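Shown here: upload03.cif, mmCIF, C-alpha atoms.
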```cif
data_work
#
loop_
_atom_site.label_atom_id
_atom_site.label_comp_id
_atom_site.auth_asym_id
_atom_site.auth_seq_id
_atom_site.Cartn_x
_atom_site.Cartn_y
_atom_site.Cartn_z
CA MET H 34 163.48 161.63 48.46
CA GLN H 35 161.77 160.28 51.57
CA ILE H 36 162.29 156.75 50.38
CA VAL H 37 166.00 157.28 49.75
CA ALA H 38 166.38 158.96 53.16
CA ILE H 39 164.62 156.11 54.95
CA GLY H 40 166.73 153.59 53.06
CA LEU H 41 170.00 155.35 53.92
CA ILE H 42 169.08 155.80 57.59
CA ALA H 43 168.04 152.16 57.85
CA THR H 44 171.29 151.05 56.21
CA VAL H 45 173.45 153.13 58.55
CA LEU H 46 171.54 151.86 61.58
CA ILE H 47 171.78 148.27 60.44
CA VAL H 48 175.53 148.57 59.82
CA VAL H 49 176.08 150.11 63.27
CA VAL H 50 173.85 147.60 65.08
CA LYS H 51 174.96 144.52 63.14
CA SER H 52 178.30 144.15 64.91
CA GLN H 53 176.76 144.39 68.40
CA ARG H 54 173.28 142.85 67.97
CA PRO H 55 172.84 140.97 64.67
CA GLU H 56 169.26 139.85 65.57
CA LEU H 57 168.22 143.49 65.94
CA ALA H 58 169.73 144.28 62.56
CA VAL H 59 167.40 141.75 60.91
CA LEU H 60 164.38 143.32 62.59
CA LEU H 61 165.49 146.77 61.46
CA SER H 62 165.86 145.49 57.92
CA VAL H 63 162.34 144.04 57.97
CA ALA H 64 160.90 147.25 59.42
CA ALA H 65 162.63 149.37 56.80
CA GLY H 66 161.33 147.09 54.06
CA VAL H 67 157.75 147.33 55.35
CA VAL H 68 157.91 151.14 55.64
CA LEU H 69 159.29 151.50 52.11
CA PHE H 70 156.64 149.15 50.75
CA LEU H 71 153.85 151.07 52.49
CA LEU H 72 155.16 154.33 51.08
CA VAL H 73 154.82 153.13 47.48
CA LEU H 74 151.67 151.08 48.02
CA GLY H 75 149.34 153.97 47.16
CA LYS H 76 151.08 154.61 43.87
CA ILE H 77 150.78 151.02 42.70
CA GLY H 78 147.00 151.50 42.37
CA SER H 79 147.34 153.99 39.53
CA ILE H 80 149.63 151.61 37.61
CA ILE H 81 147.16 148.77 38.05
CA ASP H 82 144.37 151.02 36.74
CA VAL H 83 146.37 151.81 33.59
CA ILE H 84 147.12 148.13 33.05
CA LYS H 85 143.45 147.22 33.50
CA ASP H 86 142.44 149.89 30.98
CA LEU H 87 144.97 148.60 28.46
CA ALA H 88 143.86 145.01 29.00
CA GLU H 89 140.24 146.00 28.38
CA ARG H 90 141.24 147.75 25.15
CA ALA H 91 143.18 144.69 24.05
CA GLY H 92 140.20 142.47 24.84
CA ILE H 93 142.05 140.48 27.50
CA SER H 94 139.84 139.01 30.19
CA MET H 95 140.18 140.30 33.74
CA PHE H 96 140.62 136.70 34.84
CA TYR H 97 143.94 136.49 33.00
CA LEU H 98 145.04 139.89 34.13
CA GLY H 99 144.16 139.06 37.74
CA THR H 100 146.20 135.87 37.49
CA ILE H 101 149.20 137.74 36.13
CA LEU H 102 148.98 140.39 38.86
CA LYS H 103 148.71 137.66 41.51
CA ILE H 104 151.78 135.97 40.05
CA ILE H 105 153.74 139.23 40.11
CA GLY H 106 152.66 139.80 43.73
CA ILE H 107 153.74 136.31 44.75
CA ALA H 108 157.08 136.80 43.01
CA TYR H 109 157.70 140.09 44.82
CA ILE H 110 156.73 138.78 48.24
CA ALA H 111 158.87 135.68 47.80
CA GLU H 112 161.79 137.78 46.60
CA PHE H 113 161.54 140.11 49.62
CA GLY H 114 161.24 137.21 52.04
CA ALA H 115 164.13 135.34 50.50
CA GLN H 116 166.34 138.43 50.58
CA ILE H 117 165.58 138.99 54.28
CA CYS H 118 166.42 135.37 55.00
CA ARG H 119 169.67 135.67 53.08
CA ASP H 120 170.56 138.85 54.98
CA ALA H 121 170.03 136.93 58.21
CA GLY H 122 172.36 134.24 56.95
CA GLU H 123 169.64 131.66 56.29
CA GLY H 124 170.26 130.81 52.67
CA ALA H 125 168.51 127.43 52.97
CA VAL H 126 165.24 128.99 54.13
CA ALA H 127 165.48 131.57 51.35
CA THR H 128 165.79 128.80 48.77
CA LYS H 129 162.73 127.08 50.19
CA ILE H 130 160.71 130.30 50.03
CA GLU H 131 161.66 130.70 46.39
CA PHE H 132 160.77 127.10 45.69
CA ALA H 133 157.32 127.54 47.25
CA ALA H 134 156.78 130.71 45.25
CA LYS H 135 157.70 128.93 42.01
CA ILE H 136 155.22 126.17 42.75
CA LEU H 137 152.46 128.69 43.49
CA ILE H 138 153.23 130.57 40.28
CA MET H 139 153.03 127.37 38.27
CA VAL H 140 149.73 126.44 39.92
CA LEU H 141 148.26 129.82 39.02
CA ALA H 142 149.63 129.53 35.50
CA VAL H 143 148.10 126.10 34.85
CA PRO H 144 144.76 127.39 33.46
CA ILE H 145 146.59 129.74 31.10
CA VAL H 146 148.98 127.02 29.96
CA VAL H 147 146.13 124.57 29.34
CA ALA H 148 144.12 127.17 27.45
CA VAL H 149 147.05 128.14 25.23
CA PHE H 150 147.88 124.49 24.62
CA GLN H 151 144.32 123.74 23.49
CA LEU H 152 144.26 126.84 21.35
CA LEU H 153 147.51 125.97 19.60
CA LEU H 154 146.32 122.41 19.02
CA LYS H 155 143.16 123.73 17.41
CA LEU H 156 145.12 126.11 15.21
CA VAL H 157 147.37 123.29 14.00
CA SER H 158 144.58 120.78 13.35
CA MET D 105 140.76 147.99 5.75
CA GLU D 106 138.86 148.64 8.94
CA VAL D 107 139.65 145.11 10.13
CA VAL D 108 143.38 145.54 9.56
CA ARG D 109 143.28 148.87 11.35
CA SER D 110 141.57 147.22 14.34
CA LEU D 111 144.14 144.40 14.32
CA ILE D 112 147.06 146.84 14.36
CA HIS D 113 145.39 148.88 17.10
CA ASN D 114 144.92 145.80 19.27
CA LEU D 115 148.46 144.61 18.68
CA ILE D 116 149.86 148.02 19.65
CA VAL D 117 147.84 147.97 22.86
CA ILE D 118 149.04 144.44 23.63
CA VAL D 119 152.68 145.41 23.05
CA ILE D 120 152.36 148.44 25.33
CA LEU D 121 150.69 146.28 27.96
CA ALA D 122 153.46 143.69 27.73
CA MET D 123 156.10 146.37 28.06
CA LEU D 124 154.38 147.89 31.08
CA MET D 125 154.00 144.54 32.78
CA GLU D 126 157.59 143.62 32.10
CA MET D 127 158.62 146.74 33.95
CA LEU D 128 156.65 145.48 36.93
CA LEU D 129 158.47 142.17 37.10
CA PRO D 130 160.76 141.58 40.05
CA ALA D 131 164.47 141.28 39.48
CA GLY D 132 165.99 137.98 40.44
CA ASP D 133 165.27 134.32 40.13
CA MET D 134 161.49 134.75 39.89
CA ARG D 135 161.67 136.93 36.80
CA LYS D 136 161.90 134.14 34.25
CA PHE D 137 158.89 132.33 35.74
CA VAL D 138 156.68 135.38 35.62
CA LYS D 139 157.99 136.20 32.16
CA MET D 140 156.95 132.78 30.88
CA VAL D 141 153.37 133.22 32.12
CA MET D 142 153.25 136.70 30.68
CA GLY D 143 154.47 135.38 27.36
CA LEU D 144 151.56 132.95 27.33
CA LEU D 145 149.16 135.78 28.04
CA ILE D 146 150.57 137.73 25.11
CA ILE D 147 150.14 134.67 22.86
CA VAL D 148 146.50 134.39 23.94
CA ALA D 149 145.87 138.07 23.32
CA VAL D 150 147.47 138.00 19.87
CA VAL D 151 145.62 134.83 18.85
CA GLN D 152 142.37 136.35 20.02
CA THR D 153 142.99 139.46 17.98
CA VAL D 154 143.91 137.46 14.89
CA GLY D 155 140.89 135.23 15.50
CA ASP D 156 138.68 138.32 15.48
CA LEU D 157 140.22 139.28 12.15
CA LEU D 158 139.54 135.85 10.69
CA ARG D 159 136.07 135.90 12.23
CA ARG D 160 136.79 132.75 14.20
CA ASP D 161 135.65 132.39 17.75
CA TYR D 162 138.26 130.93 20.04
CA SER D 163 136.34 131.58 23.22
CA GLY D 164 135.25 127.93 23.32
CA ASP D 165 138.90 126.91 23.48
CA LEU D 166 139.67 129.41 26.20
CA PRO D 167 137.11 128.65 28.87
CA TYR D 168 139.21 130.20 31.59
CA LEU D 169 139.79 133.31 29.53
CA THR D 170 136.26 134.30 28.73
CA GLU D 171 133.78 132.12 30.56
CA LYS D 172 134.82 132.14 34.18
CA GLY D 173 134.73 135.88 34.76
CA SER D 174 131.41 136.36 33.03
CA THR D 175 129.86 133.43 34.92
CA ALA D 176 130.98 134.88 38.21
CA GLN D 177 129.46 138.21 37.22
CA LEU D 178 126.23 136.55 36.10
CA SER D 179 125.89 134.57 39.32
CA GLY D 180 126.41 137.77 41.29
CA ILE D 181 123.69 139.52 39.32
CA MET D 182 121.36 136.53 39.76
CA GLU D 183 121.98 136.52 43.51
CA ALA D 184 121.25 140.23 43.74
CA GLY D 185 118.11 139.74 41.63
CA LYS D 186 116.85 136.97 43.91
CA TYR D 187 117.52 139.10 46.98
CA ILE D 188 115.67 142.10 45.54
CA SER D 189 112.79 139.92 44.37
CA GLY D 190 112.52 138.32 47.83
CA GLU D 191 112.49 141.68 49.51
CA GLN D 192 109.82 143.03 47.14
CA GLN D 193 107.73 139.93 47.68
CA GLN D 194 108.02 140.34 51.44
CA LYS D 195 106.89 143.95 51.17
CA ALA D 196 103.98 142.92 48.94
CA ILE D 197 102.92 140.25 51.45
CA GLU D 198 103.07 142.78 54.29
CA GLN D 199 100.92 145.23 52.32
CA TYR D 200 98.48 142.45 51.40
CA LYS D 201 98.19 141.45 55.06
CA ARG D 202 97.62 145.06 56.11
CA GLY D 203 94.91 145.49 53.45
CA LEU D 204 93.18 142.27 54.50
CA ALA D 205 93.30 143.29 58.16
CA ASN D 206 91.66 146.62 57.35
CA GLN D 207 88.98 144.87 55.29
CA ILE D 208 88.24 142.41 58.11
CA VAL D 209 88.04 145.15 60.74
CA ALA D 210 85.66 147.07 58.48
CA LEU D 211 83.57 143.95 57.91
CA ALA D 212 83.47 143.19 61.62
CA SER D 213 82.48 146.75 62.51
CA ILE D 214 79.05 146.03 60.98
CA ASN D 215 78.40 143.81 63.96
CA LYS D 216 78.03 146.33 66.79
CA GLU D 217 77.96 143.70 69.52
CA VAL D 218 81.54 142.57 68.98
CA PRO D 219 84.13 145.36 69.09
CA VAL D 220 86.95 144.08 66.82
CA ILE D 221 89.97 146.35 67.17
CA ASP D 222 92.44 144.50 64.98
CA ALA D 223 92.93 141.41 62.86
CA GLU D 224 96.05 139.29 62.47
CA ILE D 225 96.40 137.44 59.21
CA ARG D 226 98.64 134.43 58.67
CA ILE D 227 99.43 133.86 55.03
CA GLN D 228 101.15 131.00 53.29
CA SER D 229 104.39 132.71 52.32
CA GLY D 230 106.45 129.74 51.09
CA ARG D 231 107.80 130.76 47.71
CA GLY D 232 106.82 128.61 44.79
CA GLY D 233 104.27 126.66 46.84
CA ALA D 234 100.87 125.78 45.36
CA GLY D 235 98.92 127.87 47.84
CA PHE D 236 101.27 130.83 47.95
CA GLY D 237 99.42 133.91 49.20
CA SER D 238 96.39 132.02 50.51
CA ILE D 239 95.09 132.77 53.99
CA ASN D 240 96.07 130.19 56.60
CA GLU D 241 94.41 131.75 59.61
CA ILE D 242 92.65 134.91 60.71
CA VAL D 243 92.85 136.00 64.33
CA LEU D 244 90.30 138.63 65.33
CA VAL D 245 91.38 140.80 68.25
CA ILE D 246 88.32 141.74 70.28
CA ALA D 247 88.41 144.48 72.86
CA LYS D 248 87.31 143.52 76.33
CA GLY D 249 84.58 145.88 77.46
CA PRO D 250 85.64 148.30 80.22
CA GLY D 251 84.39 147.61 83.76
CA ARG D 252 81.96 149.78 85.58
CA ALA D 253 84.60 151.80 87.38
CA GLU D 254 86.47 152.57 84.13
CA LYS D 255 83.20 153.62 82.44
CA ARG D 256 82.62 156.10 85.19
CA LEU D 257 86.06 157.65 84.69
CA ASP D 258 85.56 157.81 80.92
CA LYS D 259 82.55 160.12 81.30
CA GLY D 260 84.74 162.81 82.73
CA GLY D 261 84.13 164.98 85.73
CA ILE D 262 84.49 164.01 89.36
CA GLU D 263 81.62 162.64 91.28
CA PRO D 264 81.18 163.72 94.87
CA VAL D 265 82.77 161.23 97.19
CA THR D 266 80.42 159.40 99.45
CA VAL D 267 81.85 156.81 101.74
CA GLU D 268 79.73 153.68 101.72
CA VAL D 269 81.50 150.83 103.43
CA ASP D 270 79.15 148.10 102.08
CA ARG D 271 79.34 149.22 98.41
CA GLN D 272 83.15 149.28 98.28
CA LEU D 273 83.40 145.52 97.90
CA GLU D 274 80.86 145.49 95.06
CA ILE D 275 82.81 148.10 93.03
CA GLU D 276 86.10 146.21 93.40
CA GLU D 277 84.46 143.05 92.08
CA SER D 278 83.07 144.82 89.04
CA VAL D 279 86.52 146.23 88.09
CA GLY D 280 87.95 142.71 88.00
CA ASN D 281 85.17 141.31 85.75
CA GLU D 282 85.63 143.04 82.41
CA SER D 283 82.65 142.52 80.12
CA VAL D 284 83.08 140.12 77.22
CA PRO D 285 80.85 140.17 74.12
CA PRO D 286 78.23 137.42 73.93
CA LEU D 287 79.61 134.12 72.66
CA GLU D 288 76.84 133.73 70.04
CA ALA D 289 77.71 137.10 68.51
CA VAL D 290 81.40 136.18 68.39
CA ALA D 291 80.62 132.84 66.75
CA ASP D 292 78.43 134.62 64.19
CA LEU D 293 81.23 137.02 63.40
CA GLU D 294 83.70 134.17 62.98
CA LYS D 295 81.31 132.43 60.62
CA THR D 296 80.73 135.61 58.59
CA VAL D 297 84.45 136.24 58.19
CA ALA D 298 85.11 132.61 57.29
CA ASN D 299 82.35 132.66 54.65
CA PHE D 300 83.49 135.98 53.25
CA TYR D 301 87.03 134.71 52.65
CA ASN D 302 85.97 131.16 51.78
CA LEU D 303 87.76 129.65 54.77
CA LYS D 304 86.95 126.81 57.13
CA PRO D 305 85.35 128.03 60.42
CA GLU D 306 88.32 126.72 62.45
CA GLN D 307 90.62 129.00 60.48
CA VAL D 308 89.05 132.06 62.11
CA LYS D 309 89.87 132.59 65.77
CA CYS D 310 89.18 135.28 68.33
CA VAL D 311 91.39 136.61 71.08
CA TYR D 312 90.42 139.14 73.74
CA ARG D 313 92.68 142.02 74.64
#
```
Let me see whether you can do it: turn the structure in this file into structure tokens.
Amino acid sequence: MQIVAIGLIATVLIVVVKSQRPELAVLLSVAAGVVLFLLVLGKIGSIIDVIKDLAERAGISMFYLGTILKIIGIAYIAEFGAQICRDAGEGAVATKIEFAAKILIMVLAVPIVVAVFQLLLKLVS
Amino acid sequence: MEVVRSLIHNLIVIVILAMLMEMLLPAGDMRKFVKMVMGLLIIVAVVQTVGDLLRRDYSGDLPYLTEKGSTAQLSGIMEAGKYISGEQQQKAIEQYKRGLANQIVALASINKEVPVIDAEIRIQSGRGGAGFGSINEIVLVIAKGPGRAEKRLDKGGIEPVTVEVDRQLEIEESVGNESVPPLEAVADLEKTVANFYNLKPEQVKCVYR
């Protein structure tokens, strides 16, 4: 309820301010995003705990799980940043942010890809 | 039967995990990238589970999966172990030094001429060295004897004051010259302590306080 209210208020403010002061509208958008993120930050912990528990039961190493969670985090941050840039009319910067995020995700995924590749090769041979 | 049951159990857990993690994925262009990595993780988990069923160990092929985390943990434990061991050793050395100091003071108290009030021990504390724990040096702290004026105050009571202009100078001189034990007695004590602990005579020193 709080989150929806904050979102609606921020939207109305941004729409009102946008015509007069577009630079202020971008700042408002960023502030609203940060507040909404902080509101749900505490609840993410419980989800991570459940995922960790399930990964332990499935015998998946915490190294892999940590990598996956890092990748998800990078994806979210890049998505948020790119959206803000697009809202401010900077599509080119948004594309670059997404590009950087993709590279980082691939870098983090390299150990997993190599491991799976070796494993599949061993299974075939 | 038990093995199949374990396999199905693990697969169910993996499927639930995959579903949960898919719900976490961001919407947009990044989704397919994260989904690919997650797919690989699911492959690894399933192969591991099947490997367990076939009693084959794939951990050697997945160094990043199984080795890295455990190594990091092990190194942490080793570090903590070294720290605790170092601290315990330090405490042991301190206790050893205290015990030796007490022994030396007790030994020195036999000699009534030299009032030893304390002993400072320097020990070879370099870990792993050949002479670890051996005594490097012993410093005997000898009390300077109180001057005549102090002795008078120690006895207690107040003596009647008599003004003697000529004697005043003599008293002041005696306060400045605190009595020191005879050098022969000090040398004897040093020799005794050195012999007792099988040290060279130059390893035992005396300071006056």
What's the separation between atom CA of Leu60 of chain H and atom CA of Phe132 of chain H, in Å to one decimal place?
23.7 Å
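In this model, the gap between atom CA of Ser238 of chain D and atom CA of Lys201 of chain D comes to 10.6 Å.
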Enumerate, as number ranges by chain, the residues matched when the PyMOL selection byres ((chain H) within 6 of (chain D)) is run on the file above.
H: 91, 94, 96, 108-109, 148, 152
Can you pull out every residue within 6 Å of segment 133-145 of chain H, counting all atoms listed in the file, but drop anything in the same chain fewer than 2 positions away, and send it as a PyMOL selection string?
chain H and resi 104+111+130-131+147-148
File of the preceding selection, C-alpha atoms, as a PDB file, in the coordinates of the input:
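Listing of selection-v3.pdb after writing:
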```pdb
ATOM      1  CA  ILE H 104     151.780 135.970  40.050  1.00  0.00           C
ATOM      2  CA  ALA H 111     158.870 135.680  47.800  1.00  0.00           C
ATOM      3  CA  ILE H 130     160.710 130.300  50.030  1.00  0.00           C
ATOM      4  CA  GLU H 131     161.660 130.700  46.390  1.00  0.00           C
ATOM      5  CA  VAL H 147     146.130 124.570  29.340  1.00  0.00           C
ATOM      6  CA  ALA H 148     144.120 127.170  27.450  1.00  0.00           C
TER       7      ALA H 148
END
```
For the file shown, report as a list in words the outcome of the PyMOL selection byres ((chain H and resi 117-119) around 10) at residue level.
Val59, Leu60, Ser62, Val63, Gly66, Ala111, Glu112, Phe113, Gly114, Ala115, Gln116, Asp120, Ala121, Gly122, Glu123, Gly124, Ala125, Val126, Ala127, Thr128 and Ile130 of chain H
What does the structure give for the distance between atom CA of Val49 of chain H and atom CA of Lys129 of chain H, in Å to one decimal?
29.7 Å
Hey, what's within 12 Å of Val68 of chain H if we count only C-alpha atoms and toss same-chain stuff fewer than 4 positions away? As a PyMOL selection string, please?
chain H and resi 35-40+43+61-64+72-74
Please write as a PyMOL selection string the full residue list that the PyMOL selection byres ((chain D and resi 198) around 12) yields on this file.
chain D and resi 191-197+199-205+224-229+237
Can you find the residues with an atom no farther than 12 Å from (88.1, 142.8, 54.6), counting all atoms listed in the file, and report them as a list of chain:residue names?
D:Tyr200, D:Lys201, D:Arg202, D:Gly203, D:Leu204, D:Ala205, D:Asn206, D:Gln207, D:Ile208, D:Val209, D:Ala210, D:Leu211, D:Ala212, D:Ser213, D:Ile214, D:Asp222, D:Ala223, D:Glu224, D:Ile225, D:Ile242, D:Leu244, D:Thr296, D:Val297, D:Ala298, D:Asn299, D:Phe300, D:Tyr301
Mind checking which residues fall within 10 Å of Val48 of chain H, counting all atoms listed in the file, ignoring those fewer than 6 positions away in the same chain, and posting them as JSON, numbers by chain?
{"H": [42, 55, 58]}
